[in-house]
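Enquirer: Enclosed is the structure file final_5.txt (compact mmCIF, C-alpha atoms).
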```
# COMPACT_ATOMS: atom_id res chain seq x y z
CA MET A 1 59.73 38.09 103.90
CA LYS A 2 61.23 35.35 101.86
CA GLY A 3 63.25 32.35 102.98
CA SER A 4 66.21 33.11 105.22
CA GLY A 5 65.11 36.51 106.45
CA LYS A 6 67.79 38.22 104.35
CA LEU A 7 67.39 40.94 101.76
CA HIS A 8 68.57 40.09 98.25
CA THR A 9 68.57 41.64 94.81
CA GLU A 10 65.07 42.86 93.93
CA SER A 11 63.84 42.65 97.53
CA ARG A 12 61.19 45.32 98.05
CA VAL A 13 61.48 47.84 100.89
CA ALA A 14 58.79 50.32 101.96
CA VAL A 15 59.88 53.41 103.88
CA VAL A 16 56.89 55.10 105.52
CA GLY A 17 57.82 58.77 105.85
CA GLY A 18 60.18 60.89 103.76
CA GLY A 19 61.65 63.11 106.48
CA PRO A 20 65.32 62.86 107.51
CA ALA A 21 64.94 59.38 109.06
CA GLY A 22 63.30 57.88 105.99
CA SER A 23 65.51 59.63 103.44
CA LEU A 24 68.71 58.80 105.28
CA PHE A 25 67.60 55.18 105.76
CA ALA A 26 67.20 54.88 101.99
CA ILE A 27 70.61 56.47 101.40
CA PHE A 28 72.33 54.14 103.87
CA LEU A 29 70.49 51.15 102.34
CA ALA A 30 71.83 52.09 98.92
CA ARG A 31 75.38 52.45 100.25
CA TYR A 32 75.44 49.20 102.24
CA SER A 33 73.60 47.12 99.62
CA SER A 34 76.12 48.27 97.03
CA GLU A 35 78.94 47.11 99.29
CA VAL A 36 77.50 43.58 99.47
CA GLY A 37 76.57 43.47 95.79
CA ILE A 38 72.76 43.54 95.89
CA SER A 39 70.21 45.95 94.45
CA LEU A 40 66.99 46.78 96.29
CA ASP A 41 63.69 48.29 95.19
CA VAL A 42 63.01 51.06 97.74
CA ASP A 43 59.73 53.01 97.88
CA ILE A 44 59.45 56.08 100.12
CA PHE A 45 55.86 57.05 100.95
CA GLU A 46 55.68 60.79 101.64
CA PRO A 47 52.42 62.69 101.00
CA LYS A 48 53.78 66.04 102.12
CA SER A 49 55.15 68.64 99.71
CA PHE A 50 58.18 70.26 101.31
CA ALA A 51 57.71 73.24 99.00
CA ALA A 52 54.63 74.25 100.96
CA PRO A 53 55.07 76.93 103.64
CA GLY A 54 53.90 76.39 107.21
CA PRO A 55 52.71 73.09 108.70
CA LYS A 56 51.75 71.59 105.30
CA GLY A 57 55.41 71.45 104.27
CA CYS A 58 57.14 71.40 107.63
CA ASN A 59 57.90 68.60 110.07
CA ARG A 60 57.51 71.05 112.96
CA CYS A 61 61.00 71.37 114.33
CA ALA A 62 63.14 74.26 115.57
CA GLY A 63 65.63 73.29 112.87
CA ILE A 64 69.01 73.13 114.60
CA LEU A 65 71.64 70.90 113.00
CA SER A 66 74.22 69.72 115.54
CA SER A 67 77.91 69.56 114.72
CA SER A 68 77.87 65.76 115.05
CA LEU A 69 75.05 65.52 112.49
CA ILE A 70 76.92 67.71 110.03
CA GLN A 71 80.05 65.57 110.40
CA ASN A 72 78.02 62.38 109.88
CA LEU A 73 76.47 63.82 106.72
CA LYS A 74 79.93 64.57 105.38
CA GLU A 75 80.81 60.89 105.81
CA LEU A 76 77.97 60.22 103.35
CA GLY A 77 79.42 62.80 101.00
CA LEU A 78 76.56 65.22 101.73
CA GLU A 79 77.08 68.95 102.26
CA ILE A 80 74.19 71.16 103.40
CA PRO A 81 73.57 73.63 100.54
CA GLU A 82 73.99 77.33 101.23
CA SER A 83 70.35 77.87 100.22
CA VAL A 84 69.26 75.63 103.12
CA ILE A 85 71.47 77.21 105.80
CA ARG A 86 69.68 80.15 107.42
CA ASN A 87 72.35 80.92 110.02
CA LYS A 88 75.66 79.55 111.20
CA ILE A 89 75.36 79.40 114.99
CA THR A 90 78.56 80.17 116.89
CA ALA A 91 77.29 80.94 120.40
CA TYR A 92 74.51 80.40 122.93
CA SER A 93 73.47 82.86 125.62
CA LEU A 94 71.51 81.87 128.72
CA HIS A 95 69.23 84.65 129.94
CA SER A 96 67.76 84.51 133.42
CA PRO A 97 66.44 87.01 135.97
CA LEU A 98 69.79 86.30 137.67
CA GLY A 99 71.96 87.38 134.74
CA ILE A 100 73.45 86.23 131.43
CA ILE A 101 75.92 83.49 130.56
CA SER A 102 77.39 83.59 127.05
CA VAL A 103 78.93 80.41 125.70
CA GLU A 104 80.95 80.22 122.48
CA ASN A 105 81.26 77.06 120.41
CA PRO A 106 84.13 75.10 122.02
CA ASN A 107 84.81 73.48 118.63
CA PRO A 108 84.68 76.40 116.14
CA LEU A 109 85.73 74.15 113.26
CA THR A 110 82.54 72.08 113.70
CA PRO A 111 79.71 74.64 113.37
CA ILE A 112 76.01 74.14 113.87
CA TYR A 113 73.33 75.55 111.56
CA SER A 114 69.75 76.75 111.76
CA VAL A 115 67.49 75.60 108.90
CA TYR A 116 63.88 75.21 107.82
CA ARG A 117 62.39 71.75 107.38
CA GLY A 118 59.84 72.88 104.78
CA GLY A 119 59.26 75.91 102.55
CA GLY A 120 59.43 78.51 105.33
CA PRO A 121 56.87 80.20 107.61
CA LEU A 122 53.21 80.15 106.64
CA ARG A 123 52.78 83.91 106.20
CA PHE A 124 56.23 84.47 104.68
CA PRO A 125 57.02 81.57 102.31
CA LEU A 126 60.60 81.11 101.15
CA GLY A 127 60.35 78.30 98.59
CA ILE A 128 61.50 74.72 98.29
CA GLU A 129 65.19 75.59 98.00
CA VAL A 130 65.35 76.34 101.76
CA SER A 131 63.91 72.96 102.80
CA LEU A 132 66.30 70.57 104.53
CA ASP A 133 63.83 67.70 104.21
CA ASN A 134 63.45 68.26 100.47
CA PHE A 135 67.25 68.27 100.05
CA LEU A 136 67.58 64.93 101.85
CA LEU A 137 64.60 63.41 100.02
CA GLU A 138 66.16 64.36 96.68
CA GLN A 139 69.43 62.74 97.79
CA ALA A 140 67.43 59.57 98.54
CA ARG A 141 65.88 59.75 95.07
CA ALA A 142 69.36 60.14 93.57
CA SER A 143 70.44 57.00 95.45
CA GLY A 144 67.74 55.02 93.64
CA ALA A 145 64.67 55.32 95.88
CA LYS A 146 61.25 55.88 94.34
CA ILE A 147 59.15 58.64 95.95
CA ILE A 148 55.43 57.89 96.22
CA ALA A 149 53.35 60.95 97.13
CA GLN A 150 50.76 59.01 99.11
CA ARG A 151 49.95 58.50 102.78
CA VAL A 152 50.21 55.07 104.32
CA THR A 153 47.15 54.32 106.47
CA GLU A 154 48.06 50.81 107.69
CA ILE A 155 51.10 48.61 108.14
CA HIS A 156 50.56 44.85 108.22
CA GLY A 157 52.99 42.49 109.88
CA LEU A 158 53.58 38.85 108.98
CA PRO A 159 52.28 36.55 107.58
CA GLU A 160 51.70 39.12 104.82
CA LEU A 161 54.03 42.07 105.30
CA ALA A 162 52.43 45.01 103.55
CA VAL A 163 51.37 48.64 103.63
CA VAL A 164 47.99 50.08 102.72
CA SER A 165 48.10 53.28 100.69
CA ASP A 166 45.41 54.91 98.57
CA GLY A 167 43.16 51.98 99.45
CA LYS A 168 45.59 49.42 98.02
CA LYS A 169 47.50 46.74 99.93
CA ILE A 170 51.09 46.43 98.68
CA SER A 171 53.41 43.60 99.77
CA TYR A 172 57.03 44.20 100.81
CA ASP A 173 59.98 42.26 102.22
CA LEU A 174 60.76 45.01 104.75
CA VAL A 175 58.78 47.96 106.10
CA ALA A 176 60.56 50.83 107.88
CA LEU A 177 58.35 53.19 109.88
CA ALA A 178 59.96 56.63 109.63
CA ALA A 179 56.90 58.83 110.04
CA GLY A 180 57.49 61.41 112.77
CA VAL A 181 55.34 61.74 115.88
CA ASN A 182 53.43 64.65 114.30
CA ALA A 183 52.27 62.52 111.36
CA PRO A 184 48.68 61.18 111.22
CA ASN A 185 48.15 57.89 113.02
CA ILE A 186 48.96 54.73 111.09
CA GLY A 187 47.05 51.55 111.86
CA MET A 188 49.13 48.55 112.93
CA VAL A 189 47.84 45.11 112.00
CA GLY A 190 49.62 42.07 113.42
CA LEU A 191 52.29 44.22 115.10
CA ASN A 192 52.75 45.06 118.80
CA TYR A 193 54.35 48.43 118.11
CA ILE A 194 53.46 51.10 120.70
CA PRO A 195 54.47 54.72 119.95
CA PRO A 196 56.67 56.72 122.36
CA ARG A 197 55.30 58.97 125.10
CA LEU A 198 54.79 62.50 123.85
CA ARG A 199 54.79 66.08 125.09
CA ARG A 200 53.55 69.17 123.29
CA MET A 201 55.74 72.21 122.66
CA ALA A 202 54.90 75.69 121.37
CA GLN A 203 56.66 77.25 118.38
CA ASP A 204 56.47 80.36 116.26
CA GLU A 205 58.48 82.16 113.59
CA LEU A 206 58.97 85.90 113.97
CA PHE A 207 59.58 87.98 110.85
CA ALA A 208 61.70 91.15 111.15
CA ARG A 209 64.21 93.21 109.22
CA GLN A 210 67.37 91.16 108.71
CA GLU A 211 69.57 94.01 109.93
CA ASP A 212 67.59 94.13 113.18
CA VAL A 213 67.95 90.39 113.73
CA LEU A 214 71.66 90.55 112.93
CA GLU A 215 72.28 93.45 115.29
CA ALA A 216 70.36 91.89 118.19
CA PHE A 217 71.39 88.26 117.74
CA GLY A 218 74.43 88.00 115.50
CA ASP A 219 75.05 84.25 115.23
CA SER A 220 73.86 83.48 118.76
CA VAL A 221 70.88 81.51 120.05
CA ARG A 222 69.22 82.98 123.14
CA VAL A 223 67.97 80.52 125.75
CA CYS A 224 65.59 81.98 128.33
CA LEU A 225 65.32 80.41 131.77
CA PHE A 226 62.55 81.21 134.22
CA PRO A 227 63.26 79.56 137.60
CA LYS A 228 60.35 78.15 139.58
CA THR A 229 58.00 78.06 136.58
CA ASP A 230 56.66 75.26 134.38
CA LEU A 231 58.95 76.27 131.51
CA VAL A 232 61.95 73.98 130.98
CA PHE A 233 63.42 76.52 128.57
CA GLY A 234 62.51 78.89 125.77
CA SER A 235 64.86 79.47 122.85
CA LEU A 236 65.17 82.22 120.24
CA THR A 237 67.09 81.07 117.15
CA PRO A 238 68.08 83.47 114.33
CA LYS A 239 67.26 82.37 110.79
CA GLY A 240 68.14 85.22 108.45
CA ASN A 241 65.34 87.73 108.84
CA PHE A 242 63.36 85.30 111.00
CA ILE A 243 63.63 84.16 114.61
CA ASN A 244 62.37 80.74 115.63
CA VAL A 245 60.78 80.65 119.09
CA SER A 246 60.57 77.21 120.73
CA LEU A 247 59.11 76.62 124.19
CA LEU A 248 59.31 73.39 126.16
CA GLY A 249 57.30 73.00 129.33
CA LYS A 250 56.87 70.41 132.08
CA ARG A 251 53.15 69.87 131.58
CA GLU A 252 51.15 68.00 128.96
CA THR A 253 49.72 71.29 127.67
CA PRO A 254 52.10 73.55 125.69
CA PRO A 255 53.57 76.71 127.23
CA ASN A 256 51.84 80.02 126.49
CA MET A 257 53.60 81.82 123.63
CA ASP A 258 51.94 85.19 124.32
CA SER A 259 53.12 85.19 127.94
CA PHE A 260 56.65 84.26 126.92
CA LEU A 261 56.93 87.01 124.32
CA ALA A 262 55.49 89.53 126.78
CA SER A 263 58.04 88.74 129.51
CA GLU A 264 60.59 91.41 130.39
CA ILE A 265 63.57 89.22 129.47
CA VAL A 266 62.23 88.43 126.01
CA ARG A 267 61.13 92.00 125.29
CA LYS A 268 64.71 93.14 125.94
CA LEU A 269 65.97 90.50 123.50
CA LEU A 270 63.54 91.69 120.82
CA PRO A 271 63.91 95.49 120.88
CA PHE A 272 62.52 95.86 117.36
CA SER A 273 59.20 95.39 115.62
CA TYR A 274 58.34 91.95 114.26
CA GLN A 275 55.42 89.97 112.91
CA ARG A 276 54.41 86.49 113.99
CA GLY A 277 54.46 84.26 110.96
CA CYS A 278 53.81 80.62 111.73
CA GLY A 279 52.61 79.27 115.08
CA CYS A 280 52.25 75.55 115.85
CA ARG A 281 52.06 73.19 118.81
CA PRO A 282 54.21 70.21 117.79
CA LEU A 283 54.57 66.95 119.67
CA ILE A 284 57.97 65.64 120.73
CA ALA A 285 58.91 62.17 121.90
CA ILE A 286 60.03 61.99 125.54
CA GLY A 287 60.48 58.24 125.61
CA ALA A 288 61.18 55.29 123.32
CA ALA A 289 58.63 53.26 121.40
CA ARG A 290 57.83 49.78 122.68
CA ASN A 291 58.38 46.84 120.32
CA PRO A 292 60.01 49.00 117.61
CA ALA A 293 61.10 45.95 115.60
CA ALA A 294 59.58 42.66 114.44
CA ASP A 295 60.13 40.23 111.57
CA GLY A 296 60.40 42.47 108.53
CA PHE A 297 59.48 45.65 110.43
CA VAL A 298 61.56 48.39 112.09
CA ALA A 299 60.74 51.85 113.49
CA ILE A 300 63.38 54.58 113.12
CA GLY A 301 63.75 58.26 113.96
CA ASP A 302 61.45 59.53 116.68
CA ALA A 303 59.01 56.73 115.78
CA GLY A 304 61.62 54.50 117.45
CA VAL A 305 63.92 56.42 119.77
CA THR A 306 65.34 59.93 119.77
CA ARG A 307 67.55 62.03 122.01
CA LEU A 308 65.73 63.70 124.88
CA TYR A 309 64.76 67.30 123.97
CA LYS A 310 67.70 67.82 121.56
CA ASP A 311 69.15 66.83 118.18
CA GLY A 312 66.17 64.97 116.78
CA ILE A 313 67.55 65.19 113.24
CA GLY A 314 70.88 63.80 114.44
CA SER A 315 69.02 60.93 116.11
CA ALA A 316 67.18 60.30 112.84
CA LEU A 317 70.52 59.84 111.09
CA LEU A 318 71.92 57.53 113.77
CA THR A 319 68.86 55.28 113.87
CA ALA A 320 68.71 55.22 110.06
CA ARG A 321 72.35 54.18 109.86
CA GLU A 322 72.15 51.48 112.52
CA SER A 323 68.92 49.98 111.21
CA ALA A 324 70.19 49.96 107.60
CA ARG A 325 73.43 48.33 108.73
CA THR A 326 71.44 45.65 110.56
CA VAL A 327 69.15 44.73 107.67
CA ILE A 328 71.98 44.57 105.10
CA TYR A 329 74.73 42.88 107.11
CA HIS A 330 72.69 40.76 109.53
CA GLY A 331 69.09 40.30 108.46
CA ILE A 332 65.52 41.44 108.90
CA THR A 333 64.18 39.04 111.53
CA ARG A 334 63.14 40.13 115.01
CA LEU A 335 66.21 38.35 116.40
CA ASP A 336 68.52 40.21 113.99
CA PHE A 337 67.11 43.53 115.20
CA GLN A 338 67.36 42.49 118.85
CA LYS A 339 71.03 41.57 118.52
CA ASN A 340 72.02 44.70 116.62
CA TYR A 341 69.72 47.69 116.08
CA LEU A 342 67.82 47.40 119.36
CA ARG A 343 71.08 47.35 121.33
CA PHE A 344 71.85 50.74 119.80
CA CYS A 345 68.35 51.96 120.75
CA GLN A 346 68.83 50.74 124.31
CA ALA A 347 72.13 52.64 124.53
CA MET A 348 70.35 55.82 123.40
CA GLU A 349 67.61 55.22 126.00
CA LYS A 350 70.29 54.85 128.66
CA ASP A 351 71.88 58.12 127.56
CA ASN A 352 68.46 59.78 127.75
CA ARG A 353 68.20 58.67 131.37
CA TRP A 354 71.42 60.57 132.03
CA GLY A 355 69.82 63.48 130.19
CA LYS A 356 66.85 63.42 132.56
CA VAL A 357 69.27 63.54 135.49
CA LEU A 358 71.05 66.54 133.98
CA PHE A 359 67.85 68.49 133.30
CA GLN A 360 66.54 67.69 136.79
CA LEU A 361 69.79 68.96 138.31
CA HIS A 362 69.61 72.03 136.12
CA GLU A 363 66.04 72.67 137.24
CA GLN A 364 67.06 72.42 140.90
CA VAL A 365 69.96 74.89 140.66
CA GLN A 366 68.86 77.38 137.99
CA GLY A 367 67.14 79.53 140.62
CA SER A 368 70.30 79.82 142.72
CA ARG A 369 71.96 83.19 142.21
CA THR A 370 75.23 81.91 143.68
CA PHE A 371 75.34 78.89 141.37
CA PHE A 372 74.39 80.96 138.32
CA LEU A 373 77.11 83.55 138.97
CA ALA A 374 79.64 80.80 139.66
CA GLN A 375 78.87 79.27 136.25
CA ALA A 376 79.19 82.66 134.59
CA ARG A 377 82.56 83.22 136.28
CA LEU A 378 83.89 79.80 135.19
CA VAL A 379 82.69 80.12 131.58
CA GLU A 380 84.24 83.59 131.33
CA LYS A 381 87.60 82.23 132.51
CA GLU A 382 87.51 79.56 129.79
CA LYS A 383 87.06 81.99 126.90
CA GLY A 384 89.99 82.06 124.52
CA LYS A 385 91.28 78.69 125.65
CA SER A 386 91.57 76.05 122.93
CA GLN A 387 91.34 72.95 125.12
CA LYS A 388 89.36 71.46 128.01
CA GLN A 389 86.74 74.18 128.75
CA PRO A 390 84.58 71.78 130.81
CA PHE A 391 81.98 74.36 131.87
CA THR A 392 81.63 75.73 128.34
CA ARG A 393 81.26 72.21 126.97
CA ILE A 394 78.68 71.25 129.58
CA ILE A 395 76.38 74.17 128.75
CA TRP A 396 77.03 73.93 124.99
CA GLY A 397 76.32 70.21 124.94
CA LEU A 398 73.23 70.45 127.13
CA PHE A 399 71.52 73.03 124.92
CA THR A 400 72.80 72.11 121.43
CA GLY A 401 72.81 68.31 121.55
CA SER A 402 76.34 68.18 120.17
CA TYR A 403 77.54 65.77 122.89
CA SER A 404 75.97 62.74 124.51
CA TYR A 405 74.36 63.27 127.91
CA GLY A 406 76.63 60.61 129.36
CA TYR A 407 79.68 62.56 128.23
CA ILE A 408 78.28 65.79 129.69
CA LEU A 409 77.54 64.17 133.05
CA LYS A 410 80.97 62.51 133.15
CA LEU A 411 82.57 65.88 132.42
CA ALA A 412 80.54 67.50 135.21
CA MET A 413 81.55 64.81 137.72
CA LEU A 414 85.31 64.99 137.09
CA PRO A 415 87.14 65.86 140.34
CA ASN A 416 88.84 68.87 138.78
CA THR A 417 85.50 70.19 137.48
CA LEU A 418 83.86 69.83 140.89
CA ILE A 419 86.81 71.49 142.67
CA LYS A 420 86.66 74.47 140.32
CA LEU A 421 82.90 74.74 140.77
CA LEU A 422 83.12 74.63 144.55
CA GLY A 423 85.87 77.25 144.45
CA ALA A 424 83.74 79.56 142.29
CA ILE A 425 80.72 79.07 144.56
CA PHE A 426 82.87 79.87 147.59
CA SER A 427 84.15 83.02 145.85
CA GLU A 428 80.62 84.16 145.04
CA THR A 429 79.40 83.41 148.56
CA GLY A 430 82.38 85.19 150.10
CA GLY A 431 81.90 88.15 147.79
CA SER A 432 78.25 88.55 148.80
CA HIS A 433 79.20 88.26 152.47
CA ARG A 434 81.86 90.94 152.06
CA SER A 435 79.35 93.22 150.34
CA GLU A 436 76.89 92.73 153.19
CA ALA A 437 79.63 93.48 155.74
CA LYS A 438 80.30 96.82 154.12
```
Can you give me the file's structure in the form of structure tokens?
Expert:
Amino acid sequence: MKGSGKLHTESRVAVVGGGPAGSLFAIFLARYSSEVGISLDVDIFEPKSFAAPGPKGCNRCAGILSSSLIQNLKELGLEIPESVIRNKITAYSLHSPLGIISVENPNPLTPIYSVYRGGGPLRFPLGIEVSLDNFLLEQARASGAKIIAQRVTEIHGLPELAVVSDGKKISYDLVALAAGVNAPNIGMVGLNYIPPRLRRMAQDELFARQEDVLEAFGDSVRVCLFPKTDLVFGSLTPKGNFINVSLLGKRETPPNMDSFLASEIVRKLLPFSYQRGCGCRPLIAIGAARNPAADGFVAIGDAGVTRLYKDGIGSALLTARESARTVIYHGITRLDFQKNYLRFCQAMEKDNRWGKVLFQLHEQVQGSRTFFLAQARLVEKEKGKSQKQPFTRIIWGLFTGSYSYGYILKLAMLPNTLIKLLGAIFSETGGSHRSEAK
């Protein structure tokens, strides 16, 4: 890091990881540096080939793009290619032993998409044209970044800011850590960076006839809830003639995929033959990294902070944008990051605390038949309405990541929302009492 702690023309930037966080960071760097009249040398280190099927080419994600992410990409002039989009998702259905709640997108003009991060499932490869990560990496290349197909094994902090790759130590003015939590460990020398706390999920890709998937799912994601179990939720997401299965549990060990697929609820949702094509047990961040910034060093994406359980790709974009804005318009010292980028990270951490409250509340009430039926009644009443729809928005936001957790909780705590909920609960309770009286 030279002189004033500012980037200047010909400053050298290393981006460790070429997933969405790293690619978008490079794209934002190019945009902002152009606005201030400087030109940077940006190297993205990414050893993975996104053309490869299965874990070798995939960053191990369910692959849901939130509406807010899609809008933010449009602000960069980026449109997701049709070859990348596997399904446009217009609805979510919650399936429980207590019943079904179907929720339609409250903002139909802002769709969400299902995608693949790499070249498709291991046993049924689809090719590089379906890879979201490859699309974004190529956009970074087009913005001027150089792609280096090597793994970084160490990052060195000051006094000699550098990365070690292929046995060589290379000096830079700025190093951005954008490697996801499923990447191999990277040694930190002279840095106090501590990765986020992690939890392991279970995922698979089911291959079936496209007409069977379309008939059973349409454009709807199925979320399965099992009250009084260790499963937070299990989701089934259509992707053309595939269905992504993602399970999140409460324990350190991943949920059991075989047991989930064998459950009565899931068997009813999959009334056709299928083949399992690509199982993995990915890690997800359930907390923020400690010391994610130092002089000339910044961690972004889930290496820094990400939204709890949802919209990891959207979080990658937001952290990439805020960190790039900081280094171009303010500087690359620890103090610059503290005053700017880290304030954004702290706001996301605060929102995640609201998210924990929401999921804890949801866990407490999901086994209540009265509460479940009251929700179903209220969501049904909101269908066809173009405005408000608080109960639809609460469920949609909670499971898609399209809204902040703070917004969802605020919406749930509005007096009018609570009055309607209490009224629906009273109606359900009264109805069951009347049935018993008969």
Enquirer: Within 12 Å of Met413 (chain A), counting all atoms listed in the file, which residues show up once you throw out same-chain ones fewer than 5 positions away? Write them as a ChimeraX atom specification, please.
Expert: /A:358,390-391,394,406-408,418-421
Enquirer: Would you mind reading off the distance between CA of Met188 (chain A) and CA of Cys58 (chain A), one decimal, in Å?
Expert: 24.8 Å
Enquirer: Can you tell me, as a PyMOL selection string, what residues are no more than 6 Å from region 141-150 of chain A when counting all atoms listed in the file, ignoring any on the same chain fewer than 4 positions away?
Expert: chain A and resi 27+42-47
Enquirer: How would the residues just chosen look if you wrote them out with C-alpha atoms as a PDB file, in the coordinates of the input?
Expert:
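The new file selection_35.pdb reads:
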```pdb
ATOM      1  CA  ILE A  27      70.610  56.470 101.400  1.00  0.00           C
ATOM      2  CA  VAL A  42      63.010  51.060  97.740  1.00  0.00           C
ATOM      3  CA  ASP A  43      59.730  53.010  97.880  1.00  0.00           C
ATOM      4  CA  ILE A  44      59.450  56.080 100.120  1.00  0.00           C
ATOM      5  CA  PHE A  45      55.860  57.050 100.950  1.00  0.00           C
ATOM      6  CA  GLU A  46      55.680  60.790 101.640  1.00  0.00           C
ATOM      7  CA  PRO A  47      52.420  62.690 101.000  1.00  0.00           C
TER       8      PRO A  47
END
```
Enquirer: Could you name the residues that touch Arg151 (chain A) at 12 Å or less, counting all atoms listed in the file, but leaving out those on the same chain fewer than 3 positions away, as a short mmCIF file (atom, residue, chain, number, x, y, z; two decimals) with C-alpha atoms, in the coordinates of the input?
Expert:
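Result file is part-v3.cif:
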```
data_model
loop_
_atom_site.label_atom_id
_atom_site.label_comp_id
_atom_site.auth_asym_id
_atom_site.auth_seq_id
_atom_site.Cartn_x
_atom_site.Cartn_y
_atom_site.Cartn_z
CA VAL A 15 59.88 53.41 103.88
CA VAL A 16 56.89 55.10 105.52
CA GLY A 17 57.82 58.77 105.85
CA GLY A 18 60.18 60.89 103.76
CA ILE A 44 59.45 56.08 100.12
CA PHE A 45 55.86 57.05 100.95
CA GLU A 46 55.68 60.79 101.64
CA PRO A 47 52.42 62.69 101.00
CA LYS A 48 53.78 66.04 102.12
CA SER A 49 55.15 68.64 99.71
CA ILE A 147 59.15 58.64 95.95
CA ILE A 148 55.43 57.89 96.22
CA GLU A 154 48.06 50.81 107.69
CA ILE A 155 51.10 48.61 108.14
CA VAL A 163 51.37 48.64 103.63
CA VAL A 164 47.99 50.08 102.72
CA SER A 165 48.10 53.28 100.69
CA ASP A 166 45.41 54.91 98.57
CA GLY A 167 43.16 51.98 99.45
CA LYS A 168 45.59 49.42 98.02
CA ALA A 179 56.90 58.83 110.04
CA ALA A 183 52.27 62.52 111.36
CA PRO A 184 48.68 61.18 111.22
CA ASN A 185 48.15 57.89 113.02
CA ILE A 186 48.96 54.73 111.09
CA GLY A 187 47.05 51.55 111.86
#
```
Enquirer: Considering only C-alpha atoms, give me a table of residues in region 294-389 of chain A that are at most 12 Å from region 112-116 of chain A, with the closest atom pair and distance in Å for each, as JSON lines.
Expert:
```
{"residue": "A:Asp311", "atom": "CA", "partner": "A:Ile112", "partner_atom": "CA", "distance": 10.9}
{"residue": "A:Ile313", "atom": "CA", "partner": "A:Val115", "partner_atom": "CA", "distance": 11.3}
{"residue": "A:Gly314", "atom": "CA", "partner": "A:Ile112", "partner_atom": "CA", "distance": 11.6}
```
Enquirer: Print the selection's residues with C-alpha atoms to a file, as an mmCIF file, in the coordinates of the input.
Expert:
```cif
data_model
loop_
_atom_site.group_PDB
_atom_site.id
_atom_site.type_symbol
_atom_site.label_atom_id
_atom_site.label_comp_id
_atom_site.auth_asym_id
_atom_site.auth_seq_id
_atom_site.Cartn_x
_atom_site.Cartn_y
_atom_site.Cartn_z
ATOM 1 C CA ASP A 311 69.150 66.830 118.180
ATOM 2 C CA ILE A 313 67.550 65.190 113.240
ATOM 3 C CA GLY A 314 70.880 63.800 114.440
#
```
